[in-house]
Structure formats: structure tokens, C-alpha cells
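So the structure is just underneath, and the comments pick up after that.
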Amino acid sequence: MPNTLKKAYRHIDIHAVRQAAEYLMLTNLETTTLEVKKVLRDSGYIAYQADVSHIMDVISKRSPNWGYTCNGVFRNYRFRNTFDYQLTPKTPKYSLN
């Protein structure tokens with residue numbers, strides 16, 4: 001009998017998807033569910049596109065710092081840039097206008 005090592009696969013959960021997505025968003029400034037699925041599969045997870053898409057949709061609705069844009073085919077997820085700096089109530093908030 002040849003000595004073959006089997007790769008142990010794990011099912012995805014919300015924590016694994018969040019970790020992979022945030023890594024990609026920090027590295028590439030944005031990510032898609034396809035990229036997240038590929039990273040998860042390379043890391044030894046059983047990941048299907050529909051499951052990753054559903055979990056990322058749930059995360060984006062729960063996390064105030066996650067945002068996405070949809071081009072009609074797929075969503076690009078990224079961290080929201082919020083600039084809400086105000087020293088005192090009398091000082092106007094920072095604006096480029």
C-alpha cells in the first residue's frame with residue numbers, strides 16, 4: 001500500500017470567510033466572492049460560490065465598515081472610507097469642497 005497523505009478539508013464558516021475577505025481587501029483594496037472562494041479552497045476548506053456569496057452578504061450587512069459595489073455581474077467588496085472628523089460642534093467637518 002502506498003503511503004498517501006489525504007488533505008483534510010473543513011467546511012467554511014463566517015469566521016473563515018471574514019478572515020479571507022479582509023485579508024484580500026487589505027492586500028488588494030477590494031475583493032470578490034470568487035477570489036475569497038479560491039483562497040478558502042487553497043487553505044483546505046470546502047467552499048462553494050453560493051455559500052461564500054451568502055456569507056459575505058450577511059457580513060456586509062452586519063459590518064458598518066464593509067461596503068460593496070455591484071456592476072450587474074458581481075460585487076466588489078471593500079472597506080468603507082469614512083472621514084468624520086470634527087473637533088468641536090462649532091467646527092465644520094473636514095471636506096474636500
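A note on labels: chains of the C-alpha cells are A, B, ... as shown, every chain counts residues from 1, and ligands are counted from 1 in their shown order.
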**OP:** List the neighbours of Asp13 in chain A out to 10 Å using only C-alpha atoms; skip same-chain residues closer than 5 positions along the sequence, and give me the result as an MDAnalysis selection string.
**Re:** chainID A and resid 18 45 47 51:52 55
Could those residues be written to a file, using C-alpha atoms, as a short mmCIF file (atom, residue, chain, number, x, y, z; two decimals), in the first residue's frame?
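Result file follows (selection_14.cif):
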```
data_model
loop_
_atom_site.label_atom_id
_atom_site.label_comp_id
_atom_site.auth_asym_id
_atom_site.auth_seq_id
_atom_site.Cartn_x
_atom_site.Cartn_y
_atom_site.Cartn_z
CA ARG A 18 -14.37 37.10 7.05
CA TYR A 45 -11.81 24.49 3.01
CA ALA A 47 -16.12 26.36 -0.39
CA ASP A 51 -22.22 29.80 0.17
CA VAL A 52 -19.36 32.32 0.09
CA ILE A 55 -21.93 34.68 3.95
#
```
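Those residues that approach Ile46 in chain A to within 7 Å, counting only C-alpha atoms, are Tyr9, Arg10, His11 and Ile12 of chain A; same-chain residues fewer than 6 positions away are not listed.
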Subject >> Residue with smallest distance to Leu34 in chain A - pool A:Ser53, A:Asn65, A:Ser60, A:Gln19, counting only C-alpha atoms >> reply: A:Ser53
Subject >> Point-to-point distance from CA of Ser43 in chain A to CA of Pro64 in chain A, Å rounded to tenths >> reply: 27.2 Å
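Proximity of A:Phe79, A:Leu29, A:Ala21, A:Ala8 to Trp66 in chain A, computed with only C-alpha atoms, is greatest for A:Phe79.
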**OP:** Can you work out the spacing between CA of Cys70 in chain A and CA of Thr31 in chain A in Å, to one decimal?
**Re:** 11.9 Å
Original post:
What is the CA of Ser63 in chain A to CA of Met25 in chain A distance in Å?
Top reply: 14.0 Å
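Shortest separation to Val36 in chain A among A:Ile14, A:Arg62, A:Arg75, A:Leu24 occurs at residue A:Leu24, atoms counted being only C-alpha atoms.
When only C-alpha atoms are used to measure the gap to Asp42 in chain A, the shortest distance among A:Gly67, A:Met56, A:Ala20, A:Leu26 belongs to A:Ala20.
Across A:Ile59, A:Val39, A:Ala50, A:Ala16, the tightest approach to Tyr77 in chain A is made by A:Ile59 when counting only C-alpha atoms.
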Apply DSSP to the structure's backbone, then extract all residues of range 12-91 of chain A labelled alpha helix (DSSP H) and return them as an mmCIF file with C-alpha atoms, in the first residue's frame.
```
data_model
loop_
_atom_site.group_PDB
_atom_site.id
_atom_site.type_symbol
_atom_site.label_atom_id
_atom_site.label_comp_id
_atom_site.auth_asym_id
_atom_site.auth_seq_id
_atom_site.Cartn_x
_atom_site.Cartn_y
_atom_site.Cartn_z
ATOM 1 C CA ILE A 14 -18.454 33.043 8.861
ATOM 2 C CA HIS A 15 -15.103 33.496 10.611
ATOM 3 C CA ALA A 16 -13.085 31.822 7.857
ATOM 4 C CA VAL A 17 -14.849 33.833 5.149
ATOM 5 C CA ARG A 18 -14.373 37.102 7.052
ATOM 6 C CA GLN A 19 -10.680 36.405 7.612
ATOM 7 C CA ALA A 20 -10.037 35.550 3.951
ATOM 8 C CA ALA A 21 -12.074 38.506 2.653
ATOM 9 C CA GLU A 22 -10.460 41.043 4.975
ATOM 10 C CA TYR A 23 -7.003 39.763 4.077
ATOM 11 C CA LEU A 24 -7.793 40.269 0.392
ATOM 12 C CA MET A 25 -9.369 43.691 0.995
ATOM 13 C CA LEU A 26 -6.299 44.839 2.899
ATOM 14 C CA THR A 27 -3.931 43.405 0.304
ATOM 15 C CA ASN A 28 -5.752 44.387 -2.908
ATOM 16 C CA THR A 33 -16.530 36.234 -3.750
ATOM 17 C CA LEU A 34 -14.664 34.294 -6.438
ATOM 18 C CA GLU A 35 -11.304 35.411 -5.035
ATOM 19 C CA VAL A 36 -12.411 34.577 -1.484
ATOM 20 C CA LYS A 37 -13.591 31.132 -2.595
ATOM 21 C CA LYS A 38 -10.214 30.450 -4.231
ATOM 22 C CA VAL A 39 -8.272 31.477 -1.108
ATOM 23 C CA LEU A 40 -10.507 29.308 1.070
ATOM 24 C CA ARG A 41 -10.099 26.284 -1.207
ATOM 25 C CA ASP A 42 -6.321 26.785 -1.285
ATOM 26 C CA GLN A 49 -19.575 30.138 -4.655
ATOM 27 C CA ALA A 50 -23.179 30.404 -3.468
ATOM 28 C CA ASP A 51 -22.216 29.801 0.173
ATOM 29 C CA VAL A 52 -19.362 32.321 0.087
ATOM 30 C CA SER A 53 -21.614 34.881 -1.595
ATOM 31 C CA HIS A 54 -24.350 34.418 1.012
ATOM 32 C CA ILE A 55 -21.927 34.678 3.946
ATOM 33 C CA MET A 56 -20.248 37.795 2.519
ATOM 34 C CA ASP A 57 -23.666 39.383 2.017
ATOM 35 C CA VAL A 58 -24.501 38.699 5.678
ATOM 36 C CA ILE A 59 -21.145 40.106 6.820
ATOM 37 C CA SER A 60 -21.540 43.269 4.724
ATOM 38 C CA LYS A 61 -24.993 43.909 6.209
ATOM 39 C CA ARG A 62 -23.730 43.428 9.780
#
```
